[in-house]
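**Q** Structure in structure tokens, see below.
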Amino acid sequence: MPVFTVVIPLYNKAGYIKNTLSSVYAQTFTDFEVIVVNDGSTDGSGDLFKNHTYNRLTYFETENRGVSSARNTGIKNASGQLIAFLDADDEWLPGHLNELYRLHTQHPEAGMVISRYSIKNPGSSKLQKPTYLNLEESFTGIIPDFFGSSLVNHIAWTCVLAVPLQVFKVTGGFSENVTHPEDTEMWIKIAAKYPVALGSNYTAIYNFEVPQSLSKRNMEGRKLMDFTAFMHLEAKNPSLKAFIDNLRLEYALKFRAEGNIVKSNELYGQTAKTNVSPAKKILFKTPPIALRMLLTTKRWLFKKGIHIPF
């Protein structure tokens, strides 16, 4: 039985998957298997796997059911002790699995072990390094307040973490009726139940701007997580409440920008007003057309390496 099962969901990433796989097979820690789940790609993404010669790689083709279904297929067919995830357009540095294994052996009680990641923007040659509240860059170990430290930048990012297979048997897999944020919902469920360990090494690169990435689509057609499902946990954990309220506000602003005021007000009404900054209160009074311009500008600045916190 391998230590790691690497699960890679694949949908229309023909130009990226070979580089992503190369970063897996360049790992210094080699006790792993790879499961690639082609989720109904239409761009020839699966051509690389016709008569492939990759060691320890299992390839599945399914009809298009979404990334959560693809990840769940990987989990169900995994034989590794730890499940590490990698999207088909991101990449690992050679020491990534070694870092996760170190964290797991030092903190076997952790429900997630996480390394740090850099963000590659198309408009900038400089990689961005997210910072976490109340955690030094040199910090490594069990995070004292996972949700509180994730309020500005999310610590749990799909391409930098691993979860013991046994944890998924307790929490269940990804919600297949949720398209966004399906991964964050999963990490909330795990971090609300288990300690989370963070390393100090930067071992992965997240490509922010890739065509057809789910995270870049408009709100129309998205199936959001059920925010109310966590209300009983939020009542006991102010940091979790603040974290989920940030998500509510993010999507409420996007709905407002697209003119869906009813859905925007529904999410806004679920937030604690103490978690709404003065700047966000102003944004929720901004006409949708102006809000769209602001969000477009924010996105453009982020591509240039400038983060505007709203």
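As shown in the structure tokens, the chain order sets the letters A, B, ...; within each chain, residues go from 1, and ligands are also counted from 1 in the order they appear.
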So which residues touch A:Ser150 within 7 Å, counting only C-alpha atoms, skipping near sequence neighbours fewer than 5 positions away, as a list in words?

**A**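 In the requested format, the answer is Tyr132, Leu133 and Ile155 of chain A.
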
**Q** Find the residues around stretch 237-241 of chain A up to 10 Å (only C-alpha atoms counted), leave out those fewer than 6 positions away in its own chain, and share them as a ChimeraX atom specification.

**A** /A:145-151,188,191-192,230-231,247,271-272,275

**Q** Between A:Ser200, A:Asn260, A:Asn12, A:Thr228, which has the minimum distance to A:Thr140 (counting only C-alpha atoms)?

**A**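 Nearest candidate to A:Thr140 out of A:Ser200, A:Asn260, A:Asn12, A:Thr228: A:Ser200.
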
**Q** With distances taken over only C-alpha atoms, which of A:Thr171, A:Asn77, A:Thr5, A:Thr62 is nearest to A:Asp31?

**A** A:Thr5

**Q** Contacts of A:Leu86 at 9 Å or less, counting only C-alpha atoms, minus same-chain residues fewer than 3 places along, as a list in words?

**A** Val6, Val7, Ile8, Pro9, Thr20, Val24, Asp89, Asp90, Glu91, Trp92, Thr158, Cys159, Val160 and Leu161 of chain A

**Q** Would you write out those residues with C-alpha atoms, as a JSON list (two decimals), in the first residue's frame?

**A**
```json
[["chain", "number", "residue", "atom", "x", "y", "z"],
["A", 6, "VAL", "CA", -2.39, 11.56, -5.83],
["A", 7, "VAL", "CA", -5.83, 12.43, -7.23],
["A", 8, "ILE", "CA", -5.93, 14.59, -10.36],
["A", 9, "PRO", "CA", -9.33, 15.58, -11.81],
["A", 20, "THR", "CA", 1.38, 18.82, -14.02],
["A", 24, "VAL", "CA", 4.35, 14.68, -9.67],
["A", 89, "ASP", "CA", -3.30, 23.06, -14.28],
["A", 90, "ASP", "CA", -1.22, 23.42, -11.10],
["A", 91, "GLU", "CA", 2.19, 22.03, -10.22],
["A", 92, "TRP", "CA", 4.30, 20.82, -7.33],
["A", 158, "THR", "CA", -6.47, 22.03, -2.92],
["A", 159, "CYS", "CA", -3.03, 21.66, -4.50],
["A", 160, "VAL", "CA", -1.09, 21.90, -1.21],
["A", 161, "LEU", "CA", -2.77, 19.52, 1.18]]
```

**Q** If DSSP is run on the backbone, what residues of stretch 92-291 of chain A are strand (DSSP E)? A reply as a count of residues only would be ideal.

**A** 28

**Q** Can you tell me, as a PyMOL selection string, what residues are no more than 10 Å from A:Val36 when counting only C-alpha atoms, ignoring any on the same chain fewer than 3 positions away?

**A** chain A and resi 6-10+17+21+39+46+49+57-61+70-71+73-74+86-88
